[in-house]
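What's in upload.tsv: TSV, C-alpha atoms
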```tsv
chain	number	residue	atom	x	y	z
F	678	MET	CA	0.00	0.00	0.00
F	679	GLU	CA	1.47	3.33	-0.96
F	680	LEU	CA	1.28	5.96	1.78
F	681	PHE	CA	1.80	8.71	-0.72
F	682	GLU	CA	3.30	9.36	-4.11
F	683	ARG	CA	4.40	12.72	-5.46
F	684	THR	CA	5.42	13.53	-8.99
F	685	ASP	CA	6.02	16.58	-11.12
F	686	GLY	CA	4.62	14.55	-14.02
F	687	GLU	CA	7.81	14.70	-16.02
F	688	HIS	CA	11.10	14.50	-14.13
F	689	PHE	CA	10.51	12.68	-10.85
F	690	SER	CA	8.27	10.59	-8.65
F	691	CYS	CA	8.82	9.68	-5.02
F	692	GLY	CA	6.88	7.95	-2.31
F	693	LEU	CA	6.54	5.86	0.80
F	694	ILE	CA	5.20	2.33	0.85
F	695	ASP	CA	4.00	0.08	3.68
F	696	GLY	CA	6.30	-2.94	3.87
F	697	PRO	CA	9.08	-3.91	1.46
F	698	CYS	CA	9.67	-2.15	-1.85
F	699	PRO	CA	9.22	-4.07	-5.11
F	700	GLN	CA	12.67	-4.97	-6.43
F	701	THR	CA	11.79	-5.16	-10.12
F	702	GLY	CA	10.18	-2.98	-12.74
F	703	TRP	CA	12.09	0.21	-11.95
F	704	ASP	CA	13.84	0.33	-15.34
F	705	VAL	CA	10.42	0.59	-16.99
F	706	ARG	CA	9.33	3.40	-14.62
F	707	VAL	CA	12.26	5.62	-15.63
F	708	ALA	CA	12.37	4.52	-19.28
F	709	ASP	CA	12.71	7.32	-21.81
F	710	PRO	CA	13.51	6.92	-25.52
F	711	THR	CA	16.07	9.73	-25.31
F	712	HIS	CA	17.92	8.07	-22.40
F	713	GLY	CA	20.69	5.55	-22.94
F	714	ALA	CA	21.54	4.77	-19.30
F	715	THR	CA	19.63	3.55	-16.25
F	716	SER	CA	21.07	3.29	-12.73
F	717	ILE	CA	19.14	1.51	-9.97
F	718	PHE	CA	20.03	1.36	-6.27
F	719	LEU	CA	18.33	-1.19	-4.02
F	720	GLY	CA	18.86	-0.82	-0.27
F	721	VAL	CA	18.35	-4.34	1.10
F	722	VAL	CA	18.02	-5.35	4.76
F	723	ARG	CA	21.01	-7.48	5.77
F	724	ASN	CA	21.30	-10.08	8.51
F	725	HIS	CA	23.90	-8.29	10.58
F	726	ASN	CA	24.87	-4.82	11.73
F	727	ALA	CA	27.75	-3.66	13.92
F	728	GLY	CA	28.51	-7.24	14.95
F	729	GLU	CA	24.89	-8.05	15.88
F	730	SER	CA	22.57	-10.46	14.05
F	731	ALA	CA	19.30	-9.16	12.64
F	732	VAL	CA	16.22	-10.72	11.08
F	733	ALA	CA	14.34	-7.58	10.07
F	734	VAL	CA	14.19	-3.80	10.34
F	735	ASP	CA	11.07	-1.93	11.37
F	736	TYR	CA	11.06	1.53	9.76
F	737	ASP	CA	9.38	4.38	11.59
F	738	VAL	CA	8.48	7.42	9.48
F	739	HIS	CA	7.02	10.90	9.94
F	740	PRO	CA	4.87	10.75	6.77
F	741	GLY	CA	4.31	14.49	6.32
F	742	LEU	CA	7.92	15.52	6.81
F	743	ALA	CA	9.23	12.53	4.86
F	744	GLN	CA	6.99	13.45	1.94
F	745	LYS	CA	8.26	17.01	2.08
F	746	ALA	CA	11.92	16.00	2.38
F	747	LEU	CA	11.73	13.42	-0.43
F	748	THR	CA	9.98	15.87	-2.73
F	749	GLU	CA	12.51	18.64	-2.00
F	750	LEU	CA	15.34	16.19	-2.61
F	751	CYS	CA	13.88	15.14	-5.97
F	752	ILE	CA	13.44	18.77	-7.01
F	753	GLU	CA	17.07	19.52	-6.13
F	754	LEU	CA	18.43	16.43	-7.89
F	755	THR	CA	16.44	16.91	-11.08
F	756	ALA	CA	17.64	20.53	-11.17
F	757	ARG	CA	21.25	19.33	-10.95
F	758	PHE	CA	21.03	16.32	-13.26
F	759	PRO	CA	19.15	15.81	-16.57
F	760	VAL	CA	17.50	12.62	-15.32
F	761	LYS	CA	14.18	10.90	-14.89
F	762	LEU	CA	14.12	9.90	-11.21
F	763	TRP	CA	12.14	7.56	-8.94
F	764	MET	CA	12.67	7.27	-5.16
F	765	ILE	CA	10.66	5.11	-2.81
F	766	HIS	CA	11.17	4.10	0.83
F	767	SER	CA	9.49	1.58	3.11
F	768	ARG	CA	7.57	2.09	6.32
F	769	GLY	CA	7.07	-0.78	8.74
F	770	LEU	CA	8.61	-4.22	8.82
F	771	VAL	CA	11.12	-5.28	6.14
F	772	GLN	CA	12.70	-8.72	6.41
F	773	VAL	CA	16.31	-9.66	5.60
F	774	GLY	CA	16.73	-9.80	1.82
F	775	GLU	CA	13.85	-7.44	1.13
F	776	ALA	CA	14.36	-3.91	-0.17
F	777	SER	CA	13.69	-0.91	2.07
F	778	VAL	CA	14.64	1.76	-0.44
F	779	VAL	CA	14.80	1.97	-4.23
F	780	ILE	CA	16.27	4.82	-6.25
F	781	ALA	CA	16.24	4.66	-10.03
F	782	ALA	CA	17.43	7.25	-12.51
F	783	SER	CA	17.81	7.31	-16.27
F	784	SER	CA	19.72	9.82	-18.36
F	785	ALA	CA	21.00	10.33	-21.88
F	786	HIS	CA	24.52	9.35	-20.78
F	787	ARG	CA	25.56	7.14	-17.87
F	788	GLN	CA	27.42	9.54	-15.58
F	789	ASP	CA	24.40	11.68	-14.75
F	790	ALA	CA	22.26	8.69	-13.76
F	791	ILE	CA	25.03	7.04	-11.72
F	792	THR	CA	26.01	10.22	-9.84
F	793	CYS	CA	22.40	11.22	-9.26
F	794	VAL	CA	21.56	7.88	-7.63
F	795	SER	CA	24.69	7.98	-5.47
F	796	ASP	CA	24.00	11.53	-4.30
F	797	ALA	CA	20.33	10.66	-3.73
F	798	ILE	CA	20.95	7.81	-1.29
F	799	ASP	CA	23.62	9.81	0.56
F	800	ALA	CA	21.19	12.71	1.01
F	801	LEU	CA	18.20	10.51	1.86
F	802	LYS	CA	20.06	8.94	4.76
F	803	VAL	CA	20.80	12.28	6.44
F	804	ARG	CA	17.72	14.35	5.52
F	805	VAL	CA	14.55	12.27	5.47
F	806	PRO	CA	12.75	11.66	8.80
F	807	ILE	CA	12.96	7.88	8.89
F	808	TRP	CA	14.23	5.70	11.76
F	809	LYS	CA	15.39	2.09	11.98
F	810	ARG	CA	14.40	-0.35	14.71
F	811	GLU	CA	16.49	-3.44	14.19
F	812	ILE	CA	14.94	-6.77	15.20
F	813	ALA	CA	17.27	-9.49	16.55
F	814	PRO	CA	16.71	-13.28	16.20
F	815	ASP	CA	15.49	-13.41	19.83
F	816	ALA	CA	12.87	-10.72	19.01
F	817	SER	CA	14.66	-8.06	21.05
F	818	HIS	CA	15.15	-4.75	19.29
F	819	ARG	CA	17.36	-1.71	19.20
F	820	TRP	CA	16.96	1.71	17.61
F	821	LEU	CA	19.89	2.69	15.40
F	822	ASP	CA	21.56	6.05	15.80
F	823	GLY	CA	21.59	8.44	12.88
F	824	HIS	CA	22.15	11.97	11.64
F	825	SER	CA	20.84	14.96	13.60
F	826	LEU	CA	18.53	17.35	11.75
F	827	ARG	CA	19.38	20.21	14.14
F	828	ASP	CA	20.76	23.32	12.48
F	829	ASP	CA	20.52	25.70	15.42
F	830	THR	CA	23.41	24.43	17.56
D	943	MET	CA	2.59	26.41	32.85
D	944	ARG	CA	0.88	24.76	29.88
D	945	ARG	CA	0.40	21.14	28.93
D	946	VAL	CA	1.86	20.15	25.56
D	947	GLN	CA	1.31	16.86	23.74
D	948	ILE	CA	4.45	15.42	22.16
D	949	GLU	CA	4.31	12.85	19.37
D	950	CYS	CA	7.19	10.41	19.86
D	951	LEU	CA	9.12	9.08	16.88
D	952	GLY	CA	12.08	6.75	16.50
D	953	VAL	CA	13.73	5.81	19.78
D	954	PHE	CA	11.38	8.15	21.67
D	955	ARG	CA	8.60	5.64	21.00
D	956	GLU	CA	10.08	3.77	23.97
D	957	LEU	CA	8.18	6.42	25.99
D	958	GLY	CA	4.93	5.71	24.11
D	959	ASP	CA	3.46	6.96	20.85
D	960	SER	CA	2.74	10.29	22.54
D	961	ILE	CA	3.22	11.86	25.95
D	962	GLU	CA	2.15	15.06	27.65
D	963	VAL	CA	4.54	17.39	29.44
D	964	ASP	CA	4.04	20.54	31.49
D	965	VAL	CA	5.95	23.37	29.86
D	966	ALA	CA	7.07	26.43	31.81
D	967	GLY	CA	7.53	28.93	28.99
D	968	GLU	CA	6.43	29.71	25.47
D	969	THR	CA	9.17	28.42	23.19
D	970	ILE	CA	10.25	25.15	21.61
D	971	GLY	CA	13.34	25.35	23.81
D	972	ASP	CA	11.02	25.27	26.82
D	973	VAL	CA	9.39	22.13	25.39
D	974	ARG	CA	12.86	20.59	25.08
D	975	ALA	CA	13.58	21.42	28.73
D	976	ALA	CA	10.26	19.93	29.83
D	977	LEU	CA	10.91	16.73	27.87
D	978	SER	CA	14.38	16.48	29.38
D	979	LYS	CA	12.84	16.71	32.84
D	980	HIS	CA	10.27	14.07	31.85
D	981	LEU	CA	13.09	11.73	30.76
D	982	GLU	CA	14.74	12.06	34.17
D	983	GLN	CA	11.47	11.39	35.99
D	984	ALA	CA	10.72	8.39	33.74
D	985	SER	CA	14.18	6.92	34.40
D	986	GLN	CA	14.99	7.33	30.71
D	987	SER	CA	17.93	9.68	31.14
D	988	GLU	CA	19.93	7.62	28.60
D	989	LEU	CA	17.77	9.41	26.02
D	990	THR	CA	18.99	12.83	27.20
D	991	SER	CA	21.96	12.89	24.82
D	992	THR	CA	19.67	11.84	21.96
D	993	LEU	CA	17.27	14.64	22.89
D	994	ALA	CA	20.12	17.16	22.59
D	995	ARG	CA	20.55	16.01	18.95
D	996	SER	CA	16.82	15.96	18.20
D	997	VAL	CA	14.56	18.50	16.52
D	998	PHE	CA	10.90	19.35	17.01
D	999	ALA	CA	8.25	19.82	14.36
D	1000	SER	CA	4.71	21.10	14.14
D	1001	GLY	CA	2.84	19.52	11.25
D	1002	ASP	CA	5.31	19.53	8.36
D	1003	GLN	CA	7.26	22.51	9.70
D	1004	MET	CA	10.55	22.10	11.55
D	1005	CYS	CA	10.90	24.27	14.66
D	1006	ARG	CA	13.95	25.83	16.27
D	1007	ASP	CA	14.43	26.25	19.98
D	1008	GLY	CA	13.82	30.00	19.81
D	1009	ASP	CA	10.53	29.62	17.97
D	1010	PRO	CA	7.27	30.11	19.83
D	1011	CYS	CA	5.59	26.85	20.72
D	1012	PRO	CA	2.47	26.48	18.54
D	1013	ASP	CA	-0.79	25.41	20.08
D	1014	THR	CA	-0.63	21.99	18.41
D	1015	VAL	CA	0.89	18.56	18.90
D	1016	ILE	CA	4.68	18.79	18.69
D	1017	ALA	CA	6.68	15.91	17.20
D	1018	VAL	CA	10.14	15.08	18.53
D	1019	LEU	CA	12.47	13.79	15.81
D	1020	PRO	CA	15.66	12.00	16.87
D	1021	PRO	CA	18.63	11.71	14.48
D	1022	VAL	CA	17.43	10.14	11.24
D	1023	ALA	CA	18.60	6.81	9.83
D	1024	GLY	CA	16.76	5.94	6.65
D	1025	GLY	CA	17.99	3.67	3.90
```
Represent the structure contained in this file as structure tokens.
Amino acid sequence: MELFERTDGEHFSCGLIDGPCPQTGWDVRVADPTHGATSIFLGVVRNHNAGESAVAVDYDVHPGLAQKALTELCIELTARFPVKLWMIHSRGLVQVGEASVVIAASSAHRQDAITCVSDAIDALKVRVPIWKREIAPDASHRWLDGHSLRDDT
Amino acid sequence: MRRVQIECLGVFRELGDSIEVDVAGETIGDVRAALSKHLEQASQSELTSTLARSVFASGDQMCRDGDPCPDTVIAVLPPVAGG
């Protein structure tokens, strides 16, 4: 179930989804007959982190602020790169091996798509109000630390 | 003194999905101080350092400590960790 989807109808779409992200079909979503390159990043939940085993990650999200941050990020990226861009992130439980984030970009030439996707995931991690609660095999959990959004200190 | 409802996100959900605190003052910084006091009283002082790195928001607007506290639910946002 998609929590929201935003698009400018031409250059980008972004959204949040309940549960894992689909891992296929993204090349079609950013297809453009004038584009000769497609770059796709899948962020997949792994079974370990910082020496601890994990079976899943539960993603907490502030939907309104996440929507705003994702949309602003897409506007910035599509102003910097001549790409067609898709970004989607999960909310809720995502099991090991499932995708929690997908970023796909196409461009006329490869470098724009590759750099756009790389910059997009770097920015998403430090700007979008999303939090990880890692679930261990014994069902205990821990919240992972992240990047502060404070700009007044 | 006014009572402010705080929506808890991320690690602050360990306190509950939302809590109410009594705020002595009119700014977001006063809300921060009230939440810090609440953490001490709830024996959750390990969250104090996280609170110092957290921001507050009203609706889809981020707030700074010097901003006046709006008459709405305030969300507390710990450091983010998407991806």
(request) Would you mind listing what lies within 9 Å of D:Leu981 as a list of chain:residue names, with all atoms listed in the file counted and same-chain residues fewer than 6 positions away left out? (result) D:Leu957, D:Ser987, D:Glu988, D:Leu989, D:Thr990
Using all atoms listed in the file, tabulate the residues of chain D lying at most 6 Å from any atom of chain F, each with its closest atom pair and that distance in Å to one decimal, by chain and increasing residue number, as a Markdown table.
```
| residue | atom | partner | partner_atom | distance |
| --- | --- | --- | --- | --- |
| D:Gly952 | CA | F:Trp808 | CA | 5.3 |
| D:Val953 | CA | F:Trp820 | CA | 5.7 |
| D:Arg995 | CA | F:Ser825 | CA | 5.5 |
| D:Val997 | CA | F:Arg827 | CA | 5.6 |
| D:Asp1002 | CA | F:Leu742 | CA | 5.0 |
| D:Pro1021 | CA | F:Ser825 | CA | 4.0 |
| D:Val1022 | CA | F:Gly823 | CA | 4.8 |
| D:Ala1023 | CA | F:Gly823 | CA | 4.6 |
| D:Gly1024 | CA | F:Ile807 | CA | 4.8 |
| D:Gly1025 | CA | F:Lys802 | CA | 5.7 |
```
(request) Could you tell me how far atom CA of F:Cys691 lies from atom CA of F:Pro710, in Å and to one decimal? (result)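 It comes out at 21.2 Å.
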Test item: residues at most 8 Å from D:Arg945, only C-alpha atoms, excluding those fewer than 2 positions along its chain, as a PDB file with C-alpha atoms, in the frame of the given file:
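Below is the file that was written, selection-v5.pdb:
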```pdb
ATOM      1  CA  MET D 943       2.590  26.410  32.850  1.00  0.00           C
ATOM      2  CA  GLN D 947       1.310  16.860  23.740  1.00  0.00           C
ATOM      3  CA  GLU D 962       2.150  15.060  27.650  1.00  0.00           C
ATOM      4  CA  VAL D 963       4.540  17.390  29.440  1.00  0.00           C
ATOM      5  CA  ASP D 964       4.040  20.540  31.490  1.00  0.00           C
ATOM      6  CA  VAL D 965       5.950  23.370  29.860  1.00  0.00           C
TER       7      VAL D 965
END
```
(request) Quick one: everything within 7 Å of F:Ile717, counting all atoms listed in the file, minus sequence neighbours fewer than 3 positions away in the same chain. Send it as a PyMOL selection string. (result) chain F and resi 780-782
(request) Figure out the distance between atom CA of D:Gly1008 and atom CA of D:Thr969, please, to one decimal in Å. (result)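 Those two atoms sit 6.0 Å apart.
The coordinates place atom CA of D:Val1018 at 18.3 Å from atom CA of D:Ser985.
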(request) May I ask which of the residues F:Ala731, F:Gln700, F:Thr715, F:Cys751 is the closest one to F:Glu687, counting only C-alpha atoms? (result) F:Cys751
(request) Please identify all polymer residues within 8 Å of F:Arg723, counting only C-alpha atoms, omitting same-chain residues fewer than 6 positions from it, and present them as a ChimeraX atom specification. (result) /F:731-733,773-774
(message) From the options D:Val946, D:Phe998, D:Lys979, D:Val973, which residue's atoms come nearest to D:Ser960, counting all atoms listed in the file?
(response) D:Val946
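For the set F:Ile765, F:Val707, F:Leu693, F:Cys793, the residue with the smallest atom-to-atom gap to F:Glu753 is F:Cys793, counting all atoms listed in the file.
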Take the structure in the block and write a file for stretch 684-742 of chain F, C-alpha atoms, as a PDB file, in the first residue's frame.
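See decode13.pdb below for the written result:
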```pdb
ATOM      1  CA  THR F 684       5.417  13.535  -8.992  1.00  0.00           C
ATOM      2  CA  ASP F 685       6.022  16.579 -11.117  1.00  0.00           C
ATOM      3  CA  GLY F 686       4.622  14.546 -14.025  1.00  0.00           C
ATOM      4  CA  GLU F 687       7.809  14.705 -16.017  1.00  0.00           C
ATOM      5  CA  HIS F 688      11.100  14.496 -14.127  1.00  0.00           C
ATOM      6  CA  PHE F 689      10.505  12.678 -10.846  1.00  0.00           C
ATOM      7  CA  SER F 690       8.272  10.589  -8.653  1.00  0.00           C
ATOM      8  CA  CYS F 691       8.822   9.684  -5.022  1.00  0.00           C
ATOM      9  CA  GLY F 692       6.881   7.953  -2.311  1.00  0.00           C
ATOM     10  CA  LEU F 693       6.537   5.860   0.805  1.00  0.00           C
ATOM     11  CA  ILE F 694       5.199   2.332   0.851  1.00  0.00           C
ATOM     12  CA  ASP F 695       4.000   0.083   3.680  1.00  0.00           C
ATOM     13  CA  GLY F 696       6.296  -2.937   3.865  1.00  0.00           C
ATOM     14  CA  PRO F 697       9.077  -3.910   1.460  1.00  0.00           C
ATOM     15  CA  CYS F 698       9.672  -2.147  -1.849  1.00  0.00           C
ATOM     16  CA  PRO F 699       9.219  -4.074  -5.110  1.00  0.00           C
ATOM     17  CA  GLN F 700      12.667  -4.969  -6.428  1.00  0.00           C
ATOM     18  CA  THR F 701      11.792  -5.161 -10.115  1.00  0.00           C
ATOM     19  CA  GLY F 702      10.177  -2.979 -12.743  1.00  0.00           C
ATOM     20  CA  TRP F 703      12.088   0.210 -11.953  1.00  0.00           C
ATOM     21  CA  ASP F 704      13.841   0.333 -15.338  1.00  0.00           C
ATOM     22  CA  VAL F 705      10.425   0.592 -16.987  1.00  0.00           C
ATOM     23  CA  ARG F 706       9.330   3.402 -14.625  1.00  0.00           C
ATOM     24  CA  VAL F 707      12.262   5.623 -15.633  1.00  0.00           C
ATOM     25  CA  ALA F 708      12.373   4.520 -19.285  1.00  0.00           C
ATOM     26  CA  ASP F 709      12.713   7.320 -21.811  1.00  0.00           C
ATOM     27  CA  PRO F 710      13.506   6.917 -25.523  1.00  0.00           C
ATOM     28  CA  THR F 711      16.067   9.729 -25.310  1.00  0.00           C
ATOM     29  CA  HIS F 712      17.917   8.067 -22.397  1.00  0.00           C
ATOM     30  CA  GLY F 713      20.692   5.552 -22.937  1.00  0.00           C
ATOM     31  CA  ALA F 714      21.540   4.774 -19.298  1.00  0.00           C
ATOM     32  CA  THR F 715      19.628   3.553 -16.249  1.00  0.00           C
ATOM     33  CA  SER F 716      21.066   3.293 -12.731  1.00  0.00           C
ATOM     34  CA  ILE F 717      19.139   1.515  -9.970  1.00  0.00           C
ATOM     35  CA  PHE F 718      20.033   1.358  -6.268  1.00  0.00           C
ATOM     36  CA  LEU F 719      18.326  -1.189  -4.016  1.00  0.00           C
ATOM     37  CA  GLY F 720      18.857  -0.821  -0.275  1.00  0.00           C
ATOM     38  CA  VAL F 721      18.346  -4.341   1.103  1.00  0.00           C
ATOM     39  CA  VAL F 722      18.023  -5.352   4.761  1.00  0.00           C
ATOM     40  CA  ARG F 723      21.012  -7.479   5.769  1.00  0.00           C
ATOM     41  CA  ASN F 724      21.297 -10.079   8.508  1.00  0.00           C
ATOM     42  CA  HIS F 725      23.902  -8.288  10.575  1.00  0.00           C
ATOM     43  CA  ASN F 726      24.872  -4.819  11.726  1.00  0.00           C
ATOM     44  CA  ALA F 727      27.754  -3.662  13.917  1.00  0.00           C
ATOM     45  CA  GLY F 728      28.508  -7.240  14.950  1.00  0.00           C
ATOM     46  CA  GLU F 729      24.891  -8.048  15.876  1.00  0.00           C
ATOM     47  CA  SER F 730      22.567 -10.459  14.053  1.00  0.00           C
ATOM     48  CA  ALA F 731      19.299  -9.157  12.644  1.00  0.00           C
ATOM     49  CA  VAL F 732      16.222 -10.722  11.075  1.00  0.00           C
ATOM     50  CA  ALA F 733      14.335  -7.582  10.067  1.00  0.00           C
ATOM     51  CA  VAL F 734      14.193  -3.805  10.338  1.00  0.00           C
ATOM     52  CA  ASP F 735      11.072  -1.931  11.370  1.00  0.00           C
ATOM     53  CA  TYR F 736      11.057   1.527   9.763  1.00  0.00           C
ATOM     54  CA  ASP F 737       9.383   4.382  11.589  1.00  0.00           C
ATOM     55  CA  VAL F 738       8.475   7.421   9.482  1.00  0.00           C
ATOM     56  CA  HIS F 739       7.022  10.901   9.941  1.00  0.00           C
ATOM     57  CA  PRO F 740       4.875  10.754   6.774  1.00  0.00           C
ATOM     58  CA  GLY F 741       4.314  14.492   6.317  1.00  0.00           C
ATOM     59  CA  LEU F 742       7.917  15.522   6.813  1.00  0.00           C
TER      60      LEU F 742
END
```
